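Asks: Contents of entry37.tsv (TSV, C-alpha atoms) are given next:
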chain	number	residue	atom	x	y	z
A	1	MET	CA	-0.61	8.57	-15.55
A	2	SER	CA	-2.63	8.95	-12.34
A	3	GLU	CA	-2.92	12.30	-10.54
A	4	SER	CA	-0.88	11.12	-7.53
A	5	ALA	CA	1.89	9.68	-9.74
A	6	ARG	CA	2.03	13.01	-11.58
A	7	HIS	CA	2.36	14.90	-8.29
A	8	ARG	CA	5.11	12.55	-7.12
A	9	LEU	CA	7.06	12.92	-10.35
A	10	SER	CA	6.76	16.72	-10.22
A	11	LEU	CA	7.98	16.78	-6.63
A	12	VAL	CA	10.96	14.54	-7.43
A	13	LEU	CA	11.89	16.71	-10.42
A	14	LEU	CA	11.56	19.90	-8.37
A	15	VAL	CA	13.76	18.65	-5.52
A	16	ALA	CA	16.36	17.25	-7.93
A	17	ALA	CA	16.42	20.49	-9.95
A	18	LEU	CA	16.81	22.70	-6.89
A	19	LEU	CA	19.58	20.53	-5.43
A	20	LEU	CA	21.45	20.48	-8.73
A	21	ILE	CA	21.05	24.22	-9.39
A	22	VAL	CA	22.05	25.35	-5.89
A	23	SER	CA	25.07	22.99	-5.78
A	24	ALA	CA	26.11	23.98	-9.32
A	25	TRP	CA	26.10	27.66	-8.48
A	26	TYR	CA	27.93	26.99	-5.20
A	27	TYR	CA	30.55	25.17	-7.32
A	28	ALA	CA	30.62	28.05	-9.81
A	29	PHE	CA	31.26	30.62	-7.09
A	30	GLN	CA	33.49	28.65	-4.73
A	31	VAL	CA	35.37	26.01	-6.74
A	32	ALA	CA	35.61	27.18	-10.36
A	33	PRO	CA	38.57	29.51	-10.93
A	34	THR	CA	38.17	33.24	-11.50
A	35	GLU	CA	38.74	34.15	-15.13
A	36	ARG	CA	41.97	36.13	-15.63
A	37	THR	CA	40.78	39.01	-17.84
A	38	MET	CA	37.19	39.61	-16.76
A	39	GLY	CA	37.33	38.61	-13.10
A	40	THR	CA	34.23	37.73	-11.09
A	41	ILE	CA	31.69	38.99	-13.63
A	42	GLN	CA	32.63	36.04	-15.87
A	43	ARG	CA	30.64	33.79	-13.49
A	44	ILE	CA	27.48	34.94	-15.29
A	45	PHE	CA	28.73	32.35	-17.79
A	46	TYR	CA	27.32	29.56	-15.54
A	47	LEU	CA	23.86	30.97	-16.08
A	48	HIS	CA	24.14	32.50	-19.56
A	49	LEU	CA	25.55	29.50	-21.43
A	50	PRO	CA	23.28	26.76	-19.95
A	51	ALA	CA	20.24	29.01	-20.55
A	52	ALA	CA	21.31	29.51	-24.18
A	53	PHE	CA	21.75	25.78	-24.77
A	54	LEU	CA	18.43	25.06	-23.08
A	55	SER	CA	16.63	27.51	-25.33
A	56	PHE	CA	18.23	25.82	-28.39
A	57	LEU	CA	17.14	22.44	-27.07
A	58	ALA	CA	13.59	23.67	-26.42
A	59	PHE	CA	13.32	25.14	-29.93
A	60	PHE	CA	14.62	21.86	-31.34
A	61	VAL	CA	11.76	20.10	-29.54
A	62	VAL	CA	9.36	22.63	-31.14
A	63	PHE	CA	10.88	21.76	-34.53
A	64	VAL	CA	10.57	18.00	-34.00
A	65	GLY	CA	7.06	18.32	-32.49
A	66	SER	CA	5.92	20.47	-35.41
A	67	LEU	CA	7.28	18.04	-38.01
A	68	ALA	CA	5.75	15.10	-36.16
A	69	TYR	CA	2.39	16.86	-35.92
A	70	LEU	CA	2.27	17.58	-39.66
A	71	TRP	CA	3.26	13.97	-40.33
A	72	THR	CA	0.89	12.22	-37.90
A	73	ARG	CA	-1.78	14.87	-37.10
A	74	ARG	CA	-1.69	13.72	-33.49
A	75	MET	CA	-2.42	16.59	-31.11
A	76	GLY	CA	0.09	15.34	-28.52
A	77	TRP	CA	2.91	16.52	-30.79
A	78	ASP	CA	1.36	19.96	-31.07
A	79	TRP	CA	1.04	20.16	-27.28
A	80	ALA	CA	4.69	19.17	-26.91
A	81	ALA	CA	5.74	21.85	-29.42
A	82	ALA	CA	3.66	24.54	-27.69
A	83	SER	CA	5.02	23.60	-24.26
A	84	ALA	CA	8.62	23.57	-25.45
A	85	ALA	CA	8.16	26.95	-27.18
A	86	GLU	CA	6.99	28.60	-23.96
A	87	VAL	CA	9.82	27.11	-21.91
A	88	GLY	CA	12.30	28.06	-24.66
A	89	VAL	CA	11.09	31.66	-24.65
A	90	VAL	CA	11.64	31.88	-20.87
A	91	PHE	CA	15.24	30.62	-21.19
A	92	CYS	CA	15.89	32.80	-24.24
A	93	ALA	CA	14.70	35.78	-22.17
A	94	ALA	CA	17.21	34.74	-19.48
A	95	VAL	CA	19.96	34.82	-22.15
A	96	LEU	CA	18.88	38.28	-23.31
A	97	ILE	CA	18.87	39.55	-19.71
A	98	THR	CA	22.18	38.06	-18.59
A	99	GLY	CA	23.98	39.02	-21.83
A	100	PRO	CA	23.73	42.81	-21.41
A	101	LEU	CA	24.44	42.53	-17.66
A	102	TRP	CA	27.67	40.75	-18.57
A	103	ALA	CA	28.42	43.08	-21.49
A	104	LYS	CA	28.16	46.39	-19.64
A	105	PRO	CA	31.12	45.97	-17.24
A	106	VAL	CA	33.23	44.12	-19.84
A	107	TRP	CA	32.51	45.95	-23.14
A	108	GLY	CA	31.28	49.23	-21.63
A	109	ILE	CA	27.95	48.94	-23.50
A	110	TRP	CA	24.71	47.12	-22.78
A	111	TRP	CA	23.98	46.09	-26.35
A	112	THR	CA	25.34	46.20	-29.88
A	113	TRP	CA	23.72	45.07	-33.11
A	114	ASP	CA	26.30	42.42	-33.95
A	115	ALA	CA	25.36	39.15	-35.65
A	116	ARG	CA	25.23	36.98	-32.51
A	117	LEU	CA	23.17	39.40	-30.42
A	118	THR	CA	20.81	40.34	-33.24
A	119	THR	CA	20.09	36.75	-34.32
A	120	THR	CA	19.40	35.87	-30.65
A	121	LEU	CA	16.91	38.73	-30.33
A	122	ILE	CA	15.25	37.61	-33.59
A	123	LEU	CA	15.07	34.04	-32.22
A	124	PHE	CA	13.25	35.32	-29.13
A	125	LEU	CA	10.83	37.36	-31.24
A	126	ILE	CA	10.10	34.42	-33.59
A	127	TYR	CA	8.96	32.22	-30.71
A	128	VAL	CA	7.02	35.05	-29.03
A	129	ALA	CA	5.22	35.41	-32.38
A	130	TYR	CA	4.68	31.62	-32.40
A	131	LEU	CA	3.00	31.83	-28.98
A	132	MET	CA	0.92	34.87	-30.03
A	133	LEU	CA	-0.25	33.03	-33.12
A	134	ARG	CA	-1.44	30.20	-30.91
A	135	LEU	CA	-3.42	32.67	-28.81
A	136	TYR	CA	-5.24	34.21	-31.75
A	137	VAL	CA	-6.31	31.10	-33.69
A	138	THR	CA	-9.24	29.45	-31.94
A	139	ASP	CA	-9.75	26.31	-34.02
A	140	ALA	CA	-7.40	23.67	-32.54
A	141	GLU	CA	-6.47	21.92	-35.79
A	142	ARG	CA	-5.90	25.13	-37.73
A	143	ARG	CA	-3.85	26.50	-34.82
A	144	ALA	CA	-1.71	23.35	-34.70
A	145	ARG	CA	-1.14	23.41	-38.49
A	146	LEU	CA	-0.17	27.10	-38.67
A	147	ALA	CA	1.96	26.90	-35.52
A	148	ALA	CA	3.78	23.84	-36.91
A	149	VAL	CA	4.77	25.79	-40.03
A	150	VAL	CA	6.14	28.66	-37.90
A	151	GLY	CA	7.83	26.16	-35.57
A	152	ILE	CA	9.66	24.55	-38.49
A	153	LEU	CA	10.62	27.77	-40.30
A	154	GLY	CA	11.58	29.54	-37.07
A	155	PHE	CA	14.12	26.87	-36.22
A	156	VAL	CA	16.28	28.06	-39.15
A	157	ASP	CA	17.48	30.86	-36.85
A	158	VAL	CA	18.97	28.46	-34.26
A	159	PRO	CA	21.98	27.36	-36.37
A	160	LEU	CA	22.40	31.00	-37.42
A	161	VAL	CA	22.68	32.08	-33.76
A	162	TYR	CA	25.12	29.23	-33.07
A	163	MET	CA	27.31	29.97	-36.10
A	164	ALA	CA	27.08	33.79	-35.97
A	165	ASN	CA	30.36	34.34	-34.10
A	166	ARG	CA	32.08	31.71	-36.23
A	167	TRP	CA	30.99	33.11	-39.60
A	168	TRP	CA	31.13	36.86	-38.86
A	169	ARG	CA	33.31	39.14	-36.80
A	170	THR	CA	31.26	40.02	-33.74
A	171	GLN	CA	31.56	41.98	-30.52
A	172	HIS	CA	30.45	38.77	-28.80
A	173	PRO	CA	33.58	36.73	-27.95
A	174	GLU	CA	34.64	33.80	-30.08
A	175	PRO	CA	33.27	30.41	-28.98
A	176	VAL	CA	35.04	28.67	-26.09
A	177	ILE	CA	33.24	25.39	-26.76
A	178	ALA	CA	33.92	23.69	-30.11
A	179	GLY	CA	35.57	26.89	-31.24
A	180	GLY	CA	38.66	25.48	-32.90
A	181	GLU	CA	42.30	26.20	-32.16
A	182	GLY	CA	43.08	28.36	-29.15
A	183	SER	CA	39.63	27.95	-27.67
A	184	GLY	CA	38.79	25.88	-24.61
A	185	LEU	CA	37.91	25.96	-20.95
A	186	ASP	CA	39.59	25.08	-17.69
A	187	PRO	CA	38.24	21.61	-16.75
A	188	ARG	CA	36.80	23.05	-13.49
A	189	MET	CA	34.86	25.60	-15.53
A	190	TRP	CA	33.62	22.77	-17.76
A	191	TRP	CA	32.28	20.92	-14.74
A	192	GLY	CA	30.54	24.06	-13.51
A	193	VAL	CA	28.81	24.59	-16.84
A	194	LEU	CA	27.75	20.95	-17.19
A	195	TRP	CA	26.46	20.87	-13.63
A	196	ALA	CA	24.45	24.08	-14.05
A	197	PHE	CA	23.11	22.76	-17.36
A	198	ALA	CA	21.96	19.52	-15.69
A	199	GLY	CA	20.14	21.50	-12.99
A	200	LEU	CA	18.43	23.88	-15.37
A	201	LEU	CA	17.59	21.00	-17.72
A	202	THR	CA	15.82	19.15	-14.88
A	203	PHE	CA	13.94	22.34	-14.00
A	204	ALA	CA	13.02	22.90	-17.66
A	205	GLY	CA	11.78	19.28	-17.81
A	206	LEU	CA	9.46	20.01	-14.88
A	207	LEU	CA	8.16	23.19	-16.54
A	208	PHE	CA	7.62	21.34	-19.83
A	209	PHE	CA	5.77	18.54	-18.05
A	210	GLN	CA	3.45	21.00	-16.27
A	211	ARG	CA	2.86	23.05	-19.41
A	212	TYR	CA	2.02	19.88	-21.39
A	213	ARG	CA	-0.48	18.93	-18.70
A	214	MET	CA	-2.15	22.32	-19.22
A	215	GLU	CA	-2.58	21.63	-22.93
A	216	ALA	CA	-4.14	18.26	-22.15
A	217	MET	CA	-6.55	19.89	-19.68
A	218	ARG	CA	-7.49	22.55	-22.24
A	219	ALA	CA	-8.27	19.86	-24.82
A	220	GLU	CA	-10.41	17.98	-22.32
A	221	LEU	CA	-12.24	21.22	-21.49
A	222	THR	CA	-12.98	21.97	-25.15
A	223	GLN	CA	-14.22	18.43	-25.73
A	224	LEU	CA	-16.48	18.51	-22.69
A	225	ALA	CA	-17.89	21.94	-23.58
A	226	ARG	CA	-18.63	20.70	-27.11
A	227	ARG	CA	-20.42	17.65	-25.75
A	228	LEU	CA	-22.52	19.82	-23.42
A	229	ARG	CA	-23.52	22.14	-26.25
A	230	ARG	CA	-24.98	19.24	-28.29
B	1	MET	CA	30.19	47.10	-4.29
B	2	GLU	CA	32.56	46.16	-7.13
B	3	ILE	CA	30.92	46.91	-10.47
B	4	GLY	CA	31.16	43.31	-11.72
B	5	LEU	CA	29.64	41.96	-8.52
B	6	LYS	CA	26.67	44.28	-8.80
B	7	HIS	CA	25.92	43.08	-12.33
B	8	LEU	CA	26.49	39.46	-11.33
B	9	PHE	CA	24.00	39.83	-8.48
B	10	TYR	CA	21.41	41.47	-10.76
B	11	ALA	CA	21.81	38.72	-13.37
B	12	PHE	CA	21.16	35.90	-10.90
B	13	ALA	CA	18.38	37.78	-9.07
B	14	ILE	CA	16.51	38.73	-12.24
B	15	VAL	CA	16.73	35.23	-13.74
B	16	TRP	CA	15.47	33.65	-10.51
B	17	ALA	CA	12.61	36.17	-10.45
B	18	LEU	CA	11.83	35.38	-14.10
B	19	LEU	CA	11.75	31.62	-13.42
B	20	LEU	CA	9.64	32.05	-10.28
B	21	GLY	CA	7.26	34.36	-12.14
B	22	TYR	CA	6.85	31.73	-14.84
B	23	VAL	CA	6.20	29.01	-12.25
B	24	PHE	CA	3.49	31.16	-10.63
B	25	SER	CA	1.93	31.94	-14.01
B	26	LEU	CA	1.85	28.19	-14.83
B	27	ALA	CA	0.29	27.36	-11.46
B	28	ARG	CA	-2.36	30.11	-11.83
B	29	ARG	CA	-3.32	29.03	-15.36
B	30	GLN	CA	-3.46	25.36	-14.34
B	31	LYS	CA	-5.71	26.19	-11.38
B	32	GLN	CA	-7.99	28.25	-13.62
B	33	LEU	CA	-8.29	25.35	-16.09
B	34	ALA	CA	-8.88	22.82	-13.31
B	35	ASP	CA	-11.69	25.00	-11.88
B	36	GLU	CA	-13.33	25.40	-15.30
B	37	LEU	CA	-13.06	21.66	-15.90
B	38	GLU	CA	-14.58	20.92	-12.50
B	39	ASN	CA	-17.52	23.28	-13.17
B	40	LEU	CA	-18.17	21.76	-16.58
B	41	LYS	CA	-18.04	18.24	-15.16
B	42	LYS	CA	-20.59	19.28	-12.51
B	43	SER	CA	-22.93	20.72	-15.15
B	44	ALA	CA	-22.50	17.58	-17.25
B	45	GLY	CA	-23.38	15.50	-14.18
B	46	ARG	CA	-26.49	17.61	-13.46
B	47	ARG	CA	-27.62	17.27	-17.08
B	48	SER	CA	-27.36	13.50	-17.07
B	49	ASP	CA	-29.36	13.26	-13.77
If you took the structure in this file and wrote it as C-alpha cells, what would it be?
Replies:
Amino acid sequence: MSESARHRLSLVLLVAALLLIVSAWYYAFQVAPTERTMGTIQRIFYLHLPAAFLSFLAFFVVFVGSLAYLWTRRMGWDWAAASAAEVGVVFCAAVLITGPLWAKPVWGIWWTWDARLTTTLILFLIYVAYLMLRLYVTDAERRARLAAVVGILGFVDVPLVYMANRWWRTQHPEPVIAGGEGSGLDPRMWWGVLWAFAGLLTFAGLLFFQRYRMEAMRAELTQLARRLRR
Amino acid sequence: MEIGLKHLFYAFAIVWALLLGYVFSLARRQKQLADELENLKKSAGRRSD
C-alpha cells in the first residue's frame, strides 16, 4: 500500500471512529433509559462493556496470530499479534479503570478479589508480560517464537474471565448478555452498547493498523542496518 | 455534584486521556522510527556513491 493511500485510510478510519463514538455516547446519555436501581452511574456500561469485548477480541487476534506464526513462520503474523496485544492492553486498562469507578458508588468499594475482577486483572498482567517479553528479546525470530507461546497460553484466561460470573458467585453482577433466564437489556440499551462498540472497534482498527505499520518499519530498519554492517 | 455523576465523568475523562496518551505514544514512536530509517537510508546512499 502506498504512503498516501495509507494516510487516506487512516484519516477515513479516524473520522468514522470519532463520529461513531461521539454519536454513541450522545445516544447513551440522551436516548438510552436510566437504569432503575443504579441511576445515572450505570451509563459507564456504554464504555466498560465495549472496552471489555474489544480487549477479548484483541487477545483473540493475538491467539490466532501466534498460532499462525508458529505454523507458517511468517513475520507478518507476529507483527499482527504484537499490535493486537498492545491495543488489547489499552482497552483492558480501560476496563480496569472504569470498573472500580462504577463499583465505588454502587457497591461502596473500589475493588474486591472476586473471580471476575481477579481474572481480569490477571488477563491484563499476562499481556503486559507478553509485551515486556518482546522488549527484552532482541533476536526477532526467537522473540516471535517465545511471544507466540505466551500469546497462545495467555488466551486461556479469556474464557475464564467471560465465564467467571457464570461459574462462581461473584460481587460482579450476573451477565446481562447471554446470561440465561431473567437476564436481558432494554432494546435502547442494546443499541447504545452496539453503537459504542462499533465506534471503539473502528478506533481500535486504526490503532492496530498504525501499530502494525510500526512493526513493519522496525523490520525494515533492522534489515537495512544489517546490510550496512556487511 | 451527585456522586454517580462525578464517577461517570472521571470514567469517561480518564479513558479518553488514556486513549489520547496511547495515540501520542504511537505517533512519537512512529516518528522516531521514520527518522532512524531516513538516516540509515541516507548513509546507505552515501556508501553506494
Asks: Arg213 (chain A): which residues within 12 Å, counting all atoms listed in the file, same-chain residues fewer than 3 positions away excluded, as number ranges by chain?
Replies: A: 1, 3, 6-7, 10, 76, 79-80, 82-83, 206-210, 216-220; B: 26-27, 29-31, 33-34
Asks: Please write the residues from the selection above to a file, keeping C-alpha atoms, as an mmCIF file, in the coordinates of the input.
Replies:
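result.cif, written as the output of this step:
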data_model
loop_
_atom_site.group_PDB
_atom_site.id
_atom_site.type_symbol
_atom_site.label_atom_id
_atom_site.label_comp_id
_atom_site.auth_asym_id
_atom_site.auth_seq_id
_atom_site.Cartn_x
_atom_site.Cartn_y
_atom_site.Cartn_z
ATOM 1 C CA MET A 1 -0.610 8.570 -15.550
ATOM 2 C CA GLU A 3 -2.920 12.300 -10.540
ATOM 3 C CA ARG A 6 2.030 13.010 -11.580
ATOM 4 C CA HIS A 7 2.360 14.900 -8.290
ATOM 5 C CA SER A 10 6.760 16.720 -10.220
ATOM 6 C CA GLY A 76 0.090 15.340 -28.520
ATOM 7 C CA TRP A 79 1.040 20.160 -27.280
ATOM 8 C CA ALA A 80 4.690 19.170 -26.910
ATOM 9 C CA ALA A 82 3.660 24.540 -27.690
ATOM 10 C CA SER A 83 5.020 23.600 -24.260
ATOM 11 C CA LEU A 206 9.460 20.010 -14.880
ATOM 12 C CA LEU A 207 8.160 23.190 -16.540
ATOM 13 C CA PHE A 208 7.620 21.340 -19.830
ATOM 14 C CA PHE A 209 5.770 18.540 -18.050
ATOM 15 C CA GLN A 210 3.450 21.000 -16.270
ATOM 16 C CA ALA A 216 -4.140 18.260 -22.150
ATOM 17 C CA MET A 217 -6.550 19.890 -19.680
ATOM 18 C CA ARG A 218 -7.490 22.550 -22.240
ATOM 19 C CA ALA A 219 -8.270 19.860 -24.820
ATOM 20 C CA GLU A 220 -10.410 17.980 -22.320
ATOM 21 C CA LEU B 26 1.850 28.190 -14.830
ATOM 22 C CA ALA B 27 0.290 27.360 -11.460
ATOM 23 C CA ARG B 29 -3.320 29.030 -15.360
ATOM 24 C CA GLN B 30 -3.460 25.360 -14.340
ATOM 25 C CA LYS B 31 -5.710 26.190 -11.380
ATOM 26 C CA LEU B 33 -8.290 25.350 -16.090
ATOM 27 C CA ALA B 34 -8.880 22.820 -13.310
#
Asks: Pull the closest atom pair for each residue of chain A that gets at most 6 Å from chain B, along with the distance in Å to one decimal, counting all atoms listed in the file, ordering rows by chain and then ascending residue number, as JSON lines.
Replies:
{"residue": "A:Ile41", "atom": "CA", "partner": "B:Gly4", "partner_atom": "CA", "distance": 4.8}
{"residue": "A:Ala94", "atom": "CA", "partner": "B:Val15", "partner_atom": "CA", "distance": 5.8}
{"residue": "A:Thr98", "atom": "CA", "partner": "B:Ala11", "partner_atom": "CA", "distance": 5.3}
{"residue": "A:Leu101", "atom": "CA", "partner": "B:His7", "partner_atom": "CA", "distance": 5.6}
{"residue": "A:Met214", "atom": "CA", "partner": "B:Gln30", "partner_atom": "CA", "distance": 5.9}
{"residue": "A:Leu221", "atom": "CA", "partner": "B:Leu37", "partner_atom": "CA", "distance": 5.7}
Asks: Can you tell me how far CA of Arg145 (chain A) sits from CA of Val62 (chain A), in Å to one decimal?
Replies: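 About the pair CA of Arg145 (chain A) and CA of Val62 (chain A): they are 12.8 Å apart.
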Asks: With only C-alpha atoms as the atoms that count, which of A:Leu70, A:Leu47, A:Ile126, A:Ala198 lies nearest to Phe29 (chain A)?
Replies: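 Closest candidate: A:Leu47.
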Asks: Could you check how far CA of Ala144 (chain A) sits from CA of Trp77 (chain A), in Å to one decimal?
Replies: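 These two atoms are separated by 9.1 Å.
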Asks: State, in Å with one decimal place, the distance from CA of Pro33 (chain A) to CA of Leu117 (chain A).
Replies: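 Spanning CA of Pro33 (chain A) to CA of Leu117 (chain A) is a straight-line distance of 26.7 Å.
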Asks: List the spatial neighbours of Trp102 (chain A) as a PDB file with C-alpha atoms, in the coordinates of the input - criterion: any atom at most 10 Å away, only C-alpha atoms, same-chain residues fewer than 3 positions off excluded.
Replies:
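And here is the file that came out, around-v6.pdb:
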ATOM      1  CA  MET A  38      37.190  39.610 -16.760  1.00  0.00           C
ATOM      2  CA  ILE A  41      31.690  38.990 -13.630  1.00  0.00           C
ATOM      3  CA  GLN A  42      32.630  36.040 -15.870  1.00  0.00           C
ATOM      4  CA  ARG A  43      30.640  33.790 -13.490  1.00  0.00           C
ATOM      5  CA  ILE A  44      27.480  34.940 -15.290  1.00  0.00           C
ATOM      6  CA  PHE A  45      28.730  32.350 -17.790  1.00  0.00           C
ATOM      7  CA  HIS A  48      24.140  32.500 -19.560  1.00  0.00           C
ATOM      8  CA  ILE A  97      18.870  39.550 -19.710  1.00  0.00           C
ATOM      9  CA  THR A  98      22.180  38.060 -18.590  1.00  0.00           C
ATOM     10  CA  GLY A  99      23.980  39.020 -21.830  1.00  0.00           C
ATOM     11  CA  PRO A 105      31.120  45.970 -17.240  1.00  0.00           C
ATOM     12  CA  VAL A 106      33.230  44.120 -19.840  1.00  0.00           C
ATOM     13  CA  TRP A 107      32.510  45.950 -23.140  1.00  0.00           C
ATOM     14  CA  GLY A 108      31.280  49.230 -21.630  1.00  0.00           C
ATOM     15  CA  ILE A 109      27.950  48.940 -23.500  1.00  0.00           C
ATOM     16  CA  TRP A 110      24.710  47.120 -22.780  1.00  0.00           C
TER      17      TRP A 110
ATOM     18  CA  GLY B   4      31.160  43.310 -11.720  1.00  0.00           C
ATOM     19  CA  HIS B   7      25.920  43.080 -12.330  1.00  0.00           C
ATOM     20  CA  LEU B   8      26.490  39.460 -11.330  1.00  0.00           C
ATOM     21  CA  ALA B  11      21.810  38.720 -13.370  1.00  0.00           C
TER      22      ALA B  11
END
Asks: Need the axis-aligned box for region 51-70 of chain A with 8 Å each side, so what are the centre and edges in Å to one decimal, as lines of an AutoDock Vina configuration file?
Replies:
center_x = 12.0
center_y = 22.3
center_z = -30.1
size_x = 35.5
size_y = 30.4
size_z = 35.1
Asks: Which residues, written as a PDB file with C-alpha atoms, in the coordinates of the input, have at least one atom at most 6 Å from Ala52 (chain A), with all atoms listed in the file counted and residues fewer than 3 positions away on the same chain left out?
Replies:
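Written file, selection.pdb:
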ATOM      1  CA  LEU A  49      25.550  29.500 -21.430  1.00  0.00           C
ATOM      2  CA  SER A  55      16.630  27.510 -25.330  1.00  0.00           C
ATOM      3  CA  VAL A  95      19.960  34.820 -22.150  1.00  0.00           C
TER       4      VAL A  95
END
Asks: What lies within 9 Å of Val89 (chain A) using only C-alpha atoms, ignoring chain neighbours under 3 positions off, as a PyMOL selection string?
Replies: chain A and resi 55+58-59+84-86+92-94+123-125+127-128
Asks: When distances are computed from only C-alpha atoms, which of A:Tyr69, A:Tyr136, A:Phe155, A:Trp111 shows the smallest separation from Gln171 (chain A)?
Replies: A:Trp111
Asks: Would you pick out the contacts of Val193 (chain A) at 12 Å or less, using all atoms listed in the file, so that residues sharing its chain but fewer than 6 positions from it are not included, and give the list as a list of chain:residue names?
Replies: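 The filter keeps A:Leu20, A:Ile21, A:Ser23, A:Ala24, A:Trp25, A:Tyr26, A:Tyr27, A:Ala28, A:Phe29, A:Ala32, A:Arg43, A:Ile44, A:Phe45, A:Tyr46, A:Leu47, A:His48, A:Leu49, A:Pro50, A:Ala51, A:Ala52, A:Phe53, A:Val176, A:Ile177, A:Leu185, A:Asp186, A:Pro187, A:Gly199, A:Leu200, A:Leu201.
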